[in-house]
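Structure file entry_7.cif (mmCIF, C-alpha atoms) follows.
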data_start
loop_
_atom_site.group_PDB
_atom_site.id
_atom_site.type_symbol
_atom_site.label_atom_id
_atom_site.label_comp_id
_atom_site.auth_asym_id
_atom_site.auth_seq_id
_atom_site.Cartn_x
_atom_site.Cartn_y
_atom_site.Cartn_z
ATOM 1 C CA MET Y 1 -13.796 6.750 5.655
ATOM 2 C CA ILE Y 2 -11.180 9.093 7.091
ATOM 3 C CA GLN Y 3 -13.695 11.906 6.760
ATOM 4 C CA ARG Y 4 -15.251 10.778 10.043
ATOM 5 C CA LEU Y 5 -12.255 12.219 11.911
ATOM 6 C CA PRO Y 6 -12.777 15.692 13.419
ATOM 7 C CA GLY Y 7 -11.709 18.480 11.059
ATOM 8 C CA VAL Y 8 -11.311 16.247 8.006
ATOM 9 C CA GLY Y 9 -13.630 17.247 5.184
ATOM 10 C CA PRO Y 10 -14.107 15.741 1.732
ATOM 11 C CA LYS Y 11 -11.202 17.593 0.111
ATOM 12 C CA MET Y 12 -8.637 16.474 2.632
ATOM 13 C CA ALA Y 13 -10.037 12.959 2.803
ATOM 14 C CA TYR Y 14 -9.629 12.506 -0.955
ATOM 15 C CA ILE Y 15 -6.106 13.954 -0.878
ATOM 16 C CA ILE Y 16 -5.042 11.700 2.017
ATOM 17 C CA GLU Y 17 -6.576 8.679 0.326
ATOM 18 C CA ASN Y 18 -4.664 9.498 -2.848
ATOM 19 C CA ILE Y 19 -1.302 10.056 -1.168
ATOM 20 C CA CYS Y 20 -1.413 7.351 1.499
ATOM 21 C CA TRP Y 21 -3.206 4.537 -0.278
ATOM 22 C CA ASP Y 22 -2.882 5.450 -3.968
ATOM 23 C CA THR Y 23 -6.639 5.202 -4.450
ATOM 24 C CA GLN Y 24 -8.976 7.821 -5.871
ATOM 25 C CA SER Y 25 -12.611 7.754 -4.885
ATOM 26 C CA GLY Y 26 -12.910 11.508 -5.427
ATOM 27 C CA ILE Y 27 -11.103 14.736 -6.287
ATOM 28 C CA GLY Y 28 -9.940 17.087 -3.549
ATOM 29 C CA VAL Y 29 -11.321 20.440 -4.755
ATOM 30 C CA ASP Y 30 -10.278 23.576 -2.895
ATOM 31 C CA THR Y 31 -11.577 27.130 -3.115
ATOM 32 C CA HIS Y 32 -9.062 28.142 -5.781
ATOM 33 C CA MET Y 33 -10.058 25.261 -8.048
ATOM 34 C CA HIS Y 34 -13.715 26.001 -7.357
ATOM 35 C CA ARG Y 35 -13.179 29.570 -8.594
ATOM 36 C CA ILE Y 36 -11.219 28.789 -11.758
ATOM 37 C CA PHE Y 37 -12.950 25.680 -13.118
ATOM 38 C CA PRO Y 38 -16.176 27.520 -14.083
ATOM 39 C CA LYS Y 39 -14.068 30.094 -15.938
ATOM 40 C CA LEU Y 40 -12.477 27.260 -17.914
ATOM 41 C CA GLY Y 41 -15.929 25.865 -18.673
ATOM 42 C CA TRP Y 42 -15.142 22.633 -16.836
ATOM 43 C CA VAL Y 43 -18.099 23.014 -14.475
ATOM 44 C CA SER Y 44 -21.224 25.125 -14.460
ATOM 45 C CA SER Y 45 -20.976 28.765 -13.478
ATOM 46 C CA GLN Y 46 -23.849 27.905 -11.124
ATOM 47 C CA SER Y 47 -21.584 25.687 -9.004
ATOM 48 C CA LYS Y 48 -21.910 27.146 -5.509
ATOM 49 C CA THR Y 49 -19.418 25.157 -3.417
ATOM 50 C CA PRO Y 50 -16.160 23.234 -3.885
ATOM 51 C CA GLU Y 51 -18.111 20.044 -3.166
ATOM 52 C CA HIS Y 52 -20.567 20.822 -5.978
ATOM 53 C CA THR Y 53 -17.629 21.611 -8.274
ATOM 54 C CA ARG Y 54 -16.061 18.262 -7.346
ATOM 55 C CA LYS Y 55 -19.205 16.367 -8.257
ATOM 56 C CA GLU Y 56 -19.542 18.150 -11.610
ATOM 57 C CA LEU Y 57 -15.886 17.590 -12.441
ATOM 58 C CA GLN Y 58 -16.038 13.911 -11.544
ATOM 59 C CA ALA Y 59 -19.111 13.497 -13.749
ATOM 60 C CA TRP Y 60 -17.051 14.009 -16.921
ATOM 61 C CA LEU Y 61 -13.358 13.658 -16.070
ATOM 62 C CA PRO Y 62 -12.117 10.057 -16.392
ATOM 63 C CA GLN Y 63 -11.152 8.643 -12.999
ATOM 64 C CA GLU Y 64 -7.621 7.887 -14.188
ATOM 65 C CA TYR Y 65 -6.952 11.673 -14.058
ATOM 66 C CA TRP Y 66 -8.486 12.372 -10.660
ATOM 67 C CA LYS Y 67 -5.275 11.799 -8.713
ATOM 68 C CA ASP Y 68 -3.479 14.599 -10.564
ATOM 69 C CA VAL Y 69 -6.151 17.297 -10.561
ATOM 70 C CA ASN Y 70 -5.516 18.682 -7.081
ATOM 71 C CA LEU Y 71 -1.744 18.560 -7.411
ATOM 72 C CA LEU Y 72 -1.777 20.352 -10.767
ATOM 73 C CA TRP Y 73 -4.426 22.982 -10.134
ATOM 74 C CA VAL Y 74 -4.228 24.105 -6.486
ATOM 75 C CA GLY Y 75 -0.881 25.866 -6.801
ATOM 76 C CA PHE Y 76 -1.835 27.348 -10.130
ATOM 77 C CA GLY Y 77 -5.106 28.663 -8.729
ATOM 78 C CA GLN Y 78 -3.352 30.136 -5.711
ATOM 79 C CA GLU Y 79 -0.877 31.997 -7.889
ATOM 80 C CA VAL Y 80 -3.540 33.305 -10.268
ATOM 81 C CA GLN Y 81 -5.565 34.644 -7.373
ATOM 82 C CA GLN Y 82 -2.921 35.620 -4.810
ATOM 83 C CA GLU Y 83 0.524 35.789 -6.411
ATOM 84 C CA LYS Y 84 -0.223 37.599 -9.637
ATOM 85 C CA SER Y 85 3.298 38.873 -10.321
ATOM 86 C CA LYS Y 86 4.722 35.373 -9.869
ATOM 87 C CA ILE Y 87 2.300 33.675 -12.276
ATOM 88 C CA LEU Y 88 2.596 36.528 -14.765
ATOM 89 C CA ARG Y 89 6.389 36.208 -14.801
ATOM 90 C CA LYS Y 90 6.061 32.447 -15.328
ATOM 91 C CA ALA Y 91 3.711 33.066 -18.242
ATOM 92 C CA LEU Y 92 6.089 35.534 -19.862
ATOM 93 C CA ASP Y 93 9.042 33.171 -19.476
ATOM 94 C CA CYS Y 94 7.373 29.966 -20.635
ATOM 95 C CA SER Y 95 7.719 28.378 -24.072
ATOM 96 C CA ARG Y 96 4.244 29.578 -25.139
ATOM 97 C CA PRO Y 97 3.761 32.988 -23.527
ATOM 98 C CA TYR Y 98 0.913 34.080 -25.802
ATOM 99 C CA GLU Y 99 -1.226 31.091 -24.825
ATOM 100 C CA ALA Y 100 -0.233 31.449 -21.166
ATOM 101 C CA LEU Y 101 -1.290 35.110 -21.091
ATOM 102 C CA LYS Y 102 -4.584 34.262 -22.798
ATOM 103 C CA LEU Y 103 -5.246 31.568 -20.172
ATOM 104 C CA LEU Y 104 -4.548 34.037 -17.366
ATOM 105 C CA GLN Y 105 -6.917 36.528 -18.974
ATOM 106 C CA LYS Y 106 -9.613 33.852 -19.265
ATOM 107 C CA LEU Y 107 -9.211 33.224 -15.544
ATOM 108 C CA GLY Y 108 -9.819 36.893 -14.792
ATOM 109 C CA LEU Y 109 -6.279 38.195 -14.390
ATOM 110 C CA ASP Y 110 -5.861 41.612 -15.987
ATOM 111 C CA VAL Y 111 -2.393 40.945 -17.403
ATOM 112 C CA ARG Y 112 -2.013 44.471 -18.740
ATOM 113 C CA LYS Y 113 -2.857 46.082 -15.410
ATOM 114 C CA GLU Y 114 -0.630 43.733 -13.414
ATOM 115 C CA GLY Y 115 2.146 44.068 -15.964
ATOM 116 C CA ALA Y 116 1.993 47.866 -15.798
ATOM 117 C CA LYS Y 117 2.491 47.730 -12.027
ATOM 118 C CA LEU Y 118 5.683 45.760 -12.593
ATOM 119 C CA GLY Y 119 7.048 47.661 -15.584
ATOM 120 C CA TRP Y 120 6.380 44.819 -18.013
ATOM 121 C CA THR Y 121 3.958 46.648 -20.328
ATOM 122 C CA ASP Y 122 6.165 46.539 -23.445
ATOM 123 C CA GLU Y 123 6.930 42.843 -22.994
ATOM 124 C CA ILE Y 124 3.264 41.941 -22.512
ATOM 125 C CA GLU Y 125 2.055 44.061 -25.422
ATOM 126 C CA SER Y 126 4.709 42.564 -27.688
ATOM 127 C CA ILE Y 127 3.508 39.056 -26.864
ATOM 128 C CA LEU Y 128 -0.203 39.855 -27.101
ATOM 129 C CA ARG Y 129 0.247 41.388 -30.561
ATOM 130 C CA ARG Y 130 1.497 38.046 -31.852
ATOM 131 C CA THR Y 131 -0.868 35.672 -33.588
ATOM 132 C CA LEU Y 132 -0.944 31.902 -33.288
#
Mind turning this structure into structure tokens?
Amino acid sequence: MIQRLPGVGPKMAYIIENICWDTQSGIGVDTHMHRIFPKLGWVSSQSKTPEHTRKELQAWLPQEYWKDVNLLWVGFGQEVQQEKSKILRKALDCSRPYEALKLLQKLGLDVRKEGAKLGWTDEIESILRRTL
């Protein structure tokens, strides 16, 4: 496996395998995914490493979805954890802002606090007062 090359760990090996050969023998789980998946209830809160998170995720997620997990969740996780204003603006502008804000809250983003920093308090409160 490509993982035998210096500096190539499991995450990168699975990503390369997916992109170069269109095969999925595992999910490339990074730190951001490792942090958010327990909050979604997708893996145990006891998961200690990205590799452990990968194994738990693969235990229940059908293999046909493995190729998309890294692509879909890495950028999202990065924005939730590092680019809070960017992901908050996306949530406010999307077609289902209430659900988007609730997801961000579930992942530990204090949408009210971040919104206040940006002058978006009224907009956020208006959306959060809505019911499904």
### Task
With a distance cut-off of 12 Å and all atoms listed in the file, select the neighbouring residues of Gly75 (chain Y), excluding the residue or stretch itself and same-chain residues fewer than 3 positions from it, and output the selection as a PyMOL selection string.
chain Y and resi 29-33+36+69-72+78-83+86-87
### Query
Taking the file as shown, what set of residues would the PyMOL selection byres ((chain Y and resi 96-109) around 7) give back, as a count of residues only?
12
### Query
Do you have the CA of Lys84 (chain Y)-CA of Glu123 (chain Y) distance handy?
16.0 Å
### Query
What is the distance between CA of Arg4 (chain Y) and CA of Ile16 (chain Y), in Å to one decimal?
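These atoms are spaced 13.0 Å apart.
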Quick one: what's the axis-aligned box for region 94-101 of chain Y, all listed atoms, 8 Å on every side, centre and edges in Å to one decimal, as AutoDock Vina command-line options?
--center_x 3.2 --center_y 31.7 --center_z -23.2 --size_x 25.0 --size_y 22.7 --size_z 21.2
### Query
How many Å lie between CA of Phe76 (chain Y) and CA of Phe37 (chain Y), rounded to one decimal?
11.6 Å
### Message
When you look at Arg112 (chain Y) with a cut-off of 8 Å (counting only C-alpha atoms), what residues show up, excluding the ones that are within fewer than 5 positions of it in the same chain? I need them as a PyMOL selection string.
### Response
chain Y and resi 121+124-125
### Task
Can you work out which one of Y:Arg130, Y:Ile19, Y:Ser25, Y:Lys11 has the shortest atom-to-atom distance to Thr53 (chain Y), counting all atoms listed in the file?
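Selected residue with least distance to Thr53 (chain Y): Y:Lys11.
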### Given only C-alpha atoms as the counted atoms, nearest of Y:Val8, Y:Leu118, Y:Cys20, Y:Ala59 to Ser44 (chain Y)
Y:Ala59
### Query
When distances are computed from only C-alpha atoms, which of Y:Leu57, Y:Lys117, Y:Asn18, Y:Tyr65 shows the smallest separation from Gly41 (chain Y)?
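Result for the nearest residue to Gly41 (chain Y): Y:Leu57.
Of the residues under consideration (Y:Val74, Y:Leu5, Y:Ala116, Y:Leu88), Y:Val74 shows the shortest atom-to-atom contact distance to Ile27 (chain Y) when counting only C-alpha atoms.
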### Query
On this structure, which residues satisfy the PyMOL selection byres ((chain Y and resi 24) around 7), written as a PyMOL selection string?
chain Y and resi 14+17-18+22-23+25-26+66-67
### Task
Give the answer as one residue: which of Y:Trp120, Y:Trp42, Y:Arg129, Y:Arg89 has the shortest atom-to-atom distance to Leu61 (chain Y), using all atoms listed in the file?
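Smallest distance to Leu61 (chain Y) is found for Y:Trp42.
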Supply region 28-46 of chain Y as a JSON list (two decimals), in the coordinates of the input, with N, CA and C atoms built in where the input has gaps.
[["chain", "number", "residue", "atom", "x", "y", "z"],
["Y", 28, "GLY", "N", -10.01, 16.07, -4.59],
["Y", 28, "GLY", "CA", -9.94, 17.09, -3.55],
["Y", 28, "GLY", "C", -9.99, 18.48, -4.18],
["Y", 29, "VAL", "N", -11.13, 19.13, -4.13],
["Y", 29, "VAL", "CA", -11.32, 20.44, -4.76],
["Y", 29, "VAL", "C", -11.28, 21.53, -3.69],
["Y", 30, "ASP", "N", -10.36, 22.46, -3.84],
["Y", 30, "ASP", "CA", -10.28, 23.58, -2.90],
["Y", 30, "ASP", "C", -10.95, 24.82, -3.47],
["Y", 31, "THR", "N", -10.93, 25.89, -2.71],
["Y", 31, "THR", "CA", -11.58, 27.13, -3.12],
["Y", 31, "THR", "C", -11.00, 27.69, -4.41],
["Y", 32, "HIS", "N", -9.69, 27.60, -4.57],
["Y", 32, "HIS", "CA", -9.06, 28.14, -5.78],
["Y", 32, "HIS", "C", -9.53, 27.38, -7.02],
["Y", 33, "MET", "N", -9.57, 26.07, -6.93],
["Y", 33, "MET", "CA", -10.06, 25.26, -8.05],
["Y", 33, "MET", "C", -11.53, 25.56, -8.32],
["Y", 34, "HIS", "N", -12.29, 25.70, -7.24],
["Y", 34, "HIS", "CA", -13.72, 26.00, -7.36],
["Y", 34, "HIS", "C", -13.94, 27.32, -8.11],
["Y", 35, "ARG", "N", -13.04, 28.28, -7.93],
["Y", 35, "ARG", "CA", -13.18, 29.57, -8.59],
["Y", 35, "ARG", "C", -12.75, 29.53, -10.06],
["Y", 36, "ILE", "N", -11.73, 28.74, -10.38],
["Y", 36, "ILE", "CA", -11.22, 28.79, -11.76],
["Y", 36, "ILE", "C", -11.89, 27.80, -12.70],
["Y", 37, "PHE", "N", -12.37, 26.67, -12.21],
["Y", 37, "PHE", "CA", -12.95, 25.68, -13.12],
["Y", 37, "PHE", "C", -14.18, 26.19, -13.88],
["Y", 38, "PRO", "N", -15.07, 26.97, -13.27],
["Y", 38, "PRO", "CA", -16.18, 27.52, -14.08],
["Y", 38, "PRO", "C", -15.67, 28.45, -15.19],
["Y", 39, "LYS", "N", -14.61, 29.19, -14.93],
["Y", 39, "LYS", "CA", -14.07, 30.09, -15.94],
["Y", 39, "LYS", "C", -13.46, 29.33, -17.11],
["Y", 40, "LEU", "N", -13.00, 28.11, -16.84],
["Y", 40, "LEU", "CA", -12.48, 27.26, -17.91],
["Y", 40, "LEU", "C", -13.60, 26.52, -18.64],
["Y", 41, "GLY", "N", -14.80, 26.58, -18.08],
["Y", 41, "GLY", "CA", -15.93, 25.86, -18.67],
["Y", 41, "GLY", "C", -15.95, 24.40, -18.28],
["Y", 42, "TRP", "N", -15.20, 24.03, -17.26],
["Y", 42, "TRP", "CA", -15.14, 22.63, -16.84],
["Y", 42, "TRP", "C", -16.32, 22.24, -15.96],
["Y", 43, "VAL", "N", -16.90, 23.23, -15.28],
["Y", 43, "VAL", "CA", -18.10, 23.01, -14.48],
["Y", 43, "VAL", "C", -19.02, 24.20, -14.71],
["Y", 44, "SER", "N", -20.23, 24.07, -14.29],
["Y", 44, "SER", "CA", -21.22, 25.12, -14.46],
["Y", 44, "SER", "C", -20.85, 26.37, -13.67],
["Y", 45, "SER", "N", -21.19, 27.51, -14.22],
["Y", 45, "SER", "CA", -20.98, 28.76, -13.48],
["Y", 45, "SER", "C", -21.93, 28.85, -12.29],
["Y", 46, "GLN", "N", -22.89, 27.95, -12.23],
["Y", 46, "GLN", "CA", -23.85, 27.90, -11.12],
["Y", 46, "GLN", "C", -23.33, 27.09, -9.94]]
